[in-house]
Structure formats: C-alpha cells, structure tokens
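Here's the structure we're looking at; comments come further down.
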Amino acid sequence: MTEKHTETYDVVVVGGGAAGLSAALVLGRARQRTLVVDAGEPRNAPAAHMQGFLTRDGMPPAEFLAIGREEIARYGVELVRDRVVEVANGEDFAVVLADGRTVRARRLVVATGLKDELPAVPGLAERFGRDVLHCPFCHGWEVRDLPFGVLGTAAKSVHQALMVSQWSKDVRFFLHTVAEEELSDEDLRRLAAAGVDVVPGEVAGLVVEDDRLTGVRLADGTTHARSVLFVAPHAVPQTGLLEQLGAELQETPFGAYPVVDPTGLTTVPGVWAAGNAIGFAEQVVHAASGGYRAASAIVGDLLMEDLDAAAQG
C-alpha cells in the first residue's frame with residue numbers, strides 16, 4: 001500500500017449523504033477530528049424533491065446536502081470529494097483514497113448507500129425520479145389521483161401495486177415478467193379488493209409526449225394511458241469496503257447487508273454503518289437518525305478507550 005502522506009483522524013466517514021453528514025455533524029460537535037469522504041453519488045439524486053422529513057418536506061436533495069456540508073464545516077469537519085478504494089485494519093484503519101492519499105482513523109462510519117438498478121425497459125431510466133417512481137411515501141402525494149401503472153418484475157411487485165392504491169384508485173398492474181400463475185389466490189383477492197386492474201403481457205416501452213409520461217406500451221402494440229409508472233429497482237448494496245474488513249453480512253430479499261447492533265456497529269470492532277448501507281428501506285429521515293446514533297456511540301467508545309489508556313498510565 002503506497003502512501004503519499006498520512007494524516008490521522010478520530011473518525012473517517014465514508015459517504016456524504018444524509019447518514020454520513022448527520023454522523024459528521026454529531027462528531028464535529030463532540031470535538032472529534034473527522035473527515036468525510038464523499039464520492040458525490042447520492043441515491044436520491046434523480047428526485048427533484050424529498051418528502052416526509054419534518055421541516056424539510058419538499059426540499060431538493062441537492063439543497064439538503066449543501067446545507068449539511070455547510071453545517072459540518074462550522075465544527076471543523078473536513079470533507080473531500082473522492083472515493084475510498086481500500087481499507088485495512090491494524091492498530092487503526094488505513095483508508096486509501098482514489099487520488100492515492102492514505103489517511104488513518106481510529107473509527108470508521110460506512111455510509112456508502114446502495115445503487116438502484118432499473119428494469120431493462122427502454123426510456124425508464126431517463127424518467128426515473130420524475131414520473132417513473134419507486135416509493136409512494138416519497139412521491140405519492142405529488143402524483144395523487146393520477147392514472148398509475150405498476151411494472152411487475154417479481155411476485156413481490158404485487159405488494160407495490162397494493163400500496164400505491166392508497167394514492168390513486170386508478171391503478172393498473174402490468175405483469176411484464178411476472179407469470180400469472182405466480183400470483184396467489186390471496187394476491188388476486190387483494191388486488192381485486194383494491195380495484196387494481198391486472199394487465200398481462202410484457203411492457204415494451206413508454207409513451208412520452210411534451211416531456212411527460214402519457215402511456216405504457218406493451219409488446220403486442222397496445223397502449224395504456226398512464227401518467228405515472230411505479231417500478232421496483234433492484235437494490236445493489238455498496239458493501240465492498242465492509243467486505244474488505246471482514247464484516248458479516250446477512251441476506252435479505254433486497255440484497256446482503258451488514259449485521260449491525262442498534263447503534264449501527266458492525267461485527268468489525270470500530271466500524272459502524274448507517275443509512276442505505278444497512279438496508280434498502282432507509283429513507284432520508286432514517287439515514288440521518290442512523291448517522292446520529294452511530295456517531296454518539298463512537299464518541300462514547302473513543303472516550304472510554306482514552307480514559308482506560310490514561311488510567312493504565
């Protein structure tokens with residue numbers, strides 16, 4: 001491992017989203033020398049606004065992060081735009097950045113989030129976060145009562161079709177790659193009770209007019225007028241650094257995530273994880289809370305280590 005030069009921090013936070021910045025804020029206020037390494041790839045970047053965060057409802061994600069960066073700077077927290085490419089555990093943690101710089105840290109917070117891989121339907125990615133959506137809690141109010149479509153990619157897509165019926169009573173569930181026989185009797189009863197129309201056939205593309213989604217086109221050429229399409233992206237957890245450190249992962253229906261305690265402590269001593277790094281369903285408000293919990297636990301952990309060292313002389 002080649003080092004240009006080495007600086008030592010109390011904590012290095014990997015990831016500058018809501019979880020990482022929240023952790024950094026608490027750490028800075030607790031007088032811990034902290035570095036945030038931010039690759040600048042937030043999961044919610046495609047969204048124009050974020051919702052459901054008390055006092056920040058409707059704020060653009062980029063504005064939220066910009067304010068967060070300003071807040072952590074007040075407490076001496078450093079932030080660099082870079083990517084961590086390697087970590088190693090010894091007496092402390094050696095953290096190698098993409099530019100070749102190596103820093104050391106007594107503790108780590110991994111807030112690297114996840115990536116959403118969208119179904120391979122032409123035009124889907126270009127409209128994601130606008131009128132192609134995945135979370136009704138994030139966007140349902142803004143598109144309420146419009147004609148919804150739900151793209152079926154697995155049997156669990158039924159749950160999404162049922163959930164979005166809370167925001168519109170005009171919902172069509174396009175089976176797409178889901179075979180009709182995959183739907184259970186209970187699924188069919190619930191879909192009928194919710195008033196969701198089940199549409200067999202593969203989706204071939206979207207109909208867009210004047211930069212607005214107006215329909216969903218099937219492979220047989222038929223078109224269904226829709227203003228919104230909900231999809232279920234495939235979640236890809238960004239756990240590479242945790243795996244380098246030997247953290248235990250657990251399989252979930254949405255990928256493998258680290259085993260953590262209530263504060264976010266992983267199975268590797270000195271390494272915490274927060275935000276979407278620990279689960280698919282962590283919204284911005286959850287991520288911020290998780291970063292706070294991790295940071296407060298780290299402050300206590302470092303303090304007790306220092307006090308024990310001082311007591312031993």
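Convention: chains lettered A, B, ... in structure tokens order; per-chain residue numbering from 1; ligands numbered from 1 as shown.
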
Do you have, as a Markdown table, the list of residues of region 47-144 of chain A lying at most 6 Å from region 232-249 of chain A, each with its nearest atom pair and that distance in Å to one decimal, counting only C-alpha atoms and ordered by chain then number?
| residue | atom | partner | partner_atom | distance |
| --- | --- | --- | --- | --- |
| A:Thr112 | CA | A:Gln238 | CA | 5.9 |
| A:Gly113 | CA | A:Gln238 | CA | 5.9 |
| A:Leu114 | CA | A:Pro237 | CA | 4.3 |
| A:Lys115 | CA | A:Val236 | CA | 5.1 |
| A:Asp116 | CA | A:Ala235 | CA | 5.0 |
| A:Glu117 | CA | A:His234 | CA | 4.9 |
| A:Leu118 | CA | A:Pro233 | CA | 4.7 |
| A:His134 | CA | A:Ala232 | CA | 5.7 |

For those residues, write C-alpha atoms to a file as a PDB file, in the first residue's frame.
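Once written, result_9.pdb looks like this:
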ATOM      1  CA  THR A 112     -21.894   4.215   1.160  1.00  0.00           C
ATOM      2  CA  GLY A 113     -25.576   3.558   0.482  1.00  0.00           C
ATOM      3  CA  LEU A 114     -26.767   1.469  -2.449  1.00  0.00           C
ATOM      4  CA  LYS A 115     -27.416   1.745  -6.153  1.00  0.00           C
ATOM      5  CA  ASP A 116     -30.762   1.212  -7.847  1.00  0.00           C
ATOM      6  CA  GLU A 117     -30.650  -0.943 -10.981  1.00  0.00           C
ATOM      7  CA  LEU A 118     -33.778  -0.351 -13.039  1.00  0.00           C
ATOM      8  CA  HIS A 134     -40.449   3.626  -6.860  1.00  0.00           C
TER       9      HIS A 134
END

### Close residues, region 18-27 of chain A itself excluded, 6 Å, only C-alpha atoms, min 5 positions apart in chain, as a PyMOL selection string
chain A and resi 32+72+111+274-275+287-288+291-292+295

How would the residues just chosen look if you wrote them out with all heavy atoms as a CSV table (one decimal), in the first residue's frame?
chain,number,residue,atom,x,y,z
A,32,GLN,N,-14.5,15.7,17.8
A,32,GLN,CA,-13.7,14.6,17.2
A,32,GLN,C,-13.2,15.1,15.9
A,32,GLN,O,-13.9,15.7,15.1
A,32,GLN,CB,-14.6,13.4,17.0
A,32,GLN,CG,-15.3,12.9,18.3
A,32,GLN,CD,-14.3,12.3,19.3
A,32,GLN,OE1,-13.3,11.8,19.0
A,32,GLN,NE2,-14.7,12.5,20.6
A,72,ILE,N,-21.5,21.0,8.9
A,72,ILE,CA,-20.4,20.3,9.4
A,72,ILE,C,-19.1,21.1,9.4
A,72,ILE,O,-18.3,21.0,10.3
A,72,ILE,CB,-20.2,18.9,8.7
A,72,ILE,CG1,-19.8,19.1,7.3
A,72,ILE,CG2,-21.5,18.1,8.8
A,72,ILE,CD1,-19.4,17.8,6.6
A,111,ALA,N,-21.1,4.8,5.2
A,111,ALA,CA,-22.4,5.3,4.8
A,111,ALA,C,-22.4,5.4,3.2
A,111,ALA,O,-22.8,6.4,2.7
A,111,ALA,CB,-22.7,6.6,5.4
A,274,ALA,N,-24.4,3.0,8.4
A,274,ALA,CA,-25.6,3.8,8.6
A,274,ALA,C,-26.2,4.1,7.2
A,274,ALA,O,-25.6,4.0,6.2
A,274,ALA,CB,-25.3,5.1,9.3
A,275,GLY,N,-27.5,4.4,7.2
A,275,GLY,CA,-28.2,4.7,6.0
A,275,GLY,C,-28.5,3.5,5.2
A,275,GLY,O,-28.7,2.4,5.7
A,287,ALA,N,-31.9,7.6,7.6
A,287,ALA,CA,-30.5,7.7,7.4
A,287,ALA,C,-29.9,8.7,8.3
A,287,ALA,O,-28.8,8.5,9.0
A,287,ALA,CB,-30.2,8.0,6.0
A,288,ALA,N,-30.5,9.9,8.4
A,288,ALA,CA,-30.0,10.9,9.3
A,288,ALA,C,-30.0,10.5,10.8
A,288,ALA,O,-29.0,10.7,11.5
A,288,ALA,CB,-30.8,12.2,9.2
A,291,GLY,N,-27.2,7.9,11.3
A,291,GLY,CA,-25.9,8.6,11.4
A,291,GLY,C,-25.7,9.2,12.8
A,291,GLY,O,-24.6,9.1,13.4
A,292,TYR,N,-26.7,9.8,13.3
A,292,TYR,CA,-26.6,10.4,14.7
A,292,TYR,C,-26.4,9.3,15.7
A,292,TYR,O,-25.5,9.4,16.6
A,292,TYR,CB,-28.0,11.1,15.0
A,292,TYR,CG,-28.0,11.9,16.2
A,292,TYR,CD1,-28.1,13.3,16.1
A,292,TYR,CD2,-27.8,11.4,17.5
A,292,TYR,CE1,-28.1,14.2,17.2
A,292,TYR,CE2,-27.8,12.2,18.6
A,292,TYR,CZ,-27.9,13.6,18.4
A,292,TYR,OH,-27.9,14.4,19.5
A,295,ALA,N,-22.7,8.0,15.5
A,295,ALA,CA,-21.8,9.0,15.9
A,295,ALA,C,-21.8,9.1,17.4
A,295,ALA,O,-20.7,9.2,18.1
A,295,ALA,CB,-22.1,10.4,15.3

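When only C-alpha atoms are used to compute distances to Leu303 (chain A), the closest of the residues A:Val208, A:Ala45, A:Gly100, A:Arg106 turns out to be A:Arg106.
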
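Near region 33-36 of chain A, within 6 Å and counting only C-alpha atoms, sit Tyr9, Asp10, Val11, Val12, Val13, Val14, Val77, Glu78 and Leu79 of chain A, not including residues fewer than 5 positions from it in the same chain.
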
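Picture a line from CA of Ser289 (chain A) to CA of Pro262 (chain A); it runs 11.5 Å.
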
### Query
Which residue, A:Phe93, A:Phe137, A:Phe64, A:Phe174, has the smallest gap to Ala281 (chain A) when you use only C-alpha atoms?
A:Phe137

### Task
Pick out the closest residue to Ser296 (chain A) from this set: A:Gly40, A:Gly129, A:Pro258, A:Gly264. Count only C-alpha atoms.
A:Gly264

### Task
Please identify which residues in region 127-308 of chain A DSSP calls strand (DSSP E) from the backbone, and express them as number ranges by chain.
A: 132-133, 148-151, 171-174, 197-199, 203-209, 212-218, 223-225, 228-230, 234-237, 249-252, 255-258, 271-273

Go ahead and write the selection's residues with C-alpha atoms as a PDB file, in the first residue's frame.
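Output (result_2.pdb):
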ATOM      1  CA  VAL A 132     -41.231   6.823 -13.165  1.00  0.00           C
ATOM      2  CA  LEU A 133     -41.120   6.331  -9.410  1.00  0.00           C
ATOM      3  CA  PHE A 148     -50.897   4.827 -12.116  1.00  0.00           C
ATOM      4  CA  GLY A 149     -49.118   1.897 -13.643  1.00  0.00           C
ATOM      5  CA  VAL A 150     -47.025  -0.612 -11.711  1.00  0.00           C
ATOM      6  CA  LEU A 151     -44.361  -2.631 -13.514  1.00  0.00           C
ATOM      7  CA  VAL A 171     -54.064   1.555 -10.864  1.00  0.00           C
ATOM      8  CA  ARG A 172     -53.045  -0.982 -13.493  1.00  0.00           C
ATOM      9  CA  PHE A 173     -50.602  -3.721 -12.593  1.00  0.00           C
ATOM     10  CA  PHE A 174     -48.609  -4.654 -15.696  1.00  0.00           C
ATOM     11  CA  ASP A 197     -56.541  -3.979 -12.824  1.00  0.00           C
ATOM     12  CA  VAL A 198     -54.138  -6.786 -13.744  1.00  0.00           C
ATOM     13  CA  VAL A 199     -52.734  -6.468 -17.277  1.00  0.00           C
ATOM     14  CA  VAL A 203     -44.034  -3.922 -21.359  1.00  0.00           C
ATOM     15  CA  ALA A 204     -42.004  -2.833 -24.394  1.00  0.00           C
ATOM     16  CA  GLY A 205     -41.641   0.878 -23.686  1.00  0.00           C
ATOM     17  CA  LEU A 206     -43.112   4.161 -22.572  1.00  0.00           C
ATOM     18  CA  VAL A 207     -45.129   6.771 -24.413  1.00  0.00           C
ATOM     19  CA  VAL A 208     -43.804  10.278 -23.742  1.00  0.00           C
ATOM     20  CA  GLU A 209     -45.336  13.475 -25.085  1.00  0.00           C
ATOM     21  CA  ARG A 212     -44.432  13.846 -19.872  1.00  0.00           C
ATOM     22  CA  LEU A 213     -45.280  10.190 -19.493  1.00  0.00           C
ATOM     23  CA  THR A 214     -48.632   9.587 -21.151  1.00  0.00           C
ATOM     24  CA  GLY A 215     -48.748   5.845 -21.605  1.00  0.00           C
ATOM     25  CA  VAL A 216     -47.277   2.369 -21.280  1.00  0.00           C
ATOM     26  CA  ARG A 217     -46.826   0.347 -24.472  1.00  0.00           C
ATOM     27  CA  LEU A 218     -46.968  -3.444 -24.453  1.00  0.00           C
ATOM     28  CA  THR A 223     -51.031   1.213 -25.272  1.00  0.00           C
ATOM     29  CA  HIS A 224     -52.463   2.037 -21.854  1.00  0.00           C
ATOM     30  CA  ALA A 225     -52.821   5.688 -20.935  1.00  0.00           C
ATOM     31  CA  VAL A 228     -47.151   7.605 -13.572  1.00  0.00           C
ATOM     32  CA  LEU A 229     -45.314   4.289 -13.575  1.00  0.00           C
ATOM     33  CA  PHE A 230     -44.079   2.726 -10.351  1.00  0.00           C
ATOM     34  CA  HIS A 234     -33.004  -3.997  -7.970  1.00  0.00           C
ATOM     35  CA  ALA A 235     -31.038  -2.804  -4.952  1.00  0.00           C
ATOM     36  CA  VAL A 236     -27.261  -3.232  -5.117  1.00  0.00           C
ATOM     37  CA  PRO A 237     -25.768  -2.645  -1.646  1.00  0.00           C
ATOM     38  CA  LEU A 249     -23.354  -9.813   6.002  1.00  0.00           C
ATOM     39  CA  GLN A 250     -26.875 -11.189   6.116  1.00  0.00           C
ATOM     40  CA  GLU A 251     -29.064 -11.993   3.137  1.00  0.00           C
ATOM     41  CA  THR A 252     -32.381 -10.165   2.795  1.00  0.00           C
ATOM     42  CA  GLY A 255     -29.603  -7.969  -1.031  1.00  0.00           C
ATOM     43  CA  ALA A 256     -26.899  -8.685   1.522  1.00  0.00           C
ATOM     44  CA  TYR A 257     -26.425  -6.062   4.227  1.00  0.00           C
ATOM     45  CA  PRO A 258     -24.111  -5.922   7.252  1.00  0.00           C
ATOM     46  CA  VAL A 271     -16.668   0.052  12.230  1.00  0.00           C
ATOM     47  CA  TRP A 272     -20.214   1.431  12.108  1.00  0.00           C
ATOM     48  CA  ALA A 273     -22.611   1.506   9.159  1.00  0.00           C
TER      49      ALA A 273
END

#### Entry: Which residue of A:Arg69, A:His49, A:Arg29, A:Arg56 approaches Gly16 (chain A) most closely, using only C-alpha atoms
A:Arg69

## Note on the structure
Using only C-alpha atoms, the residue out of A:Gln51, A:Arg83, A:Asn89, A:Ala155 with shortest distance to Ser184 (chain A) is A:Ala155

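Across A:Asp170, A:Ala179, A:Glu7, A:Ala39, the tightest approach to Arg101 (chain A) is made by A:Glu7 when counting only C-alpha atoms.
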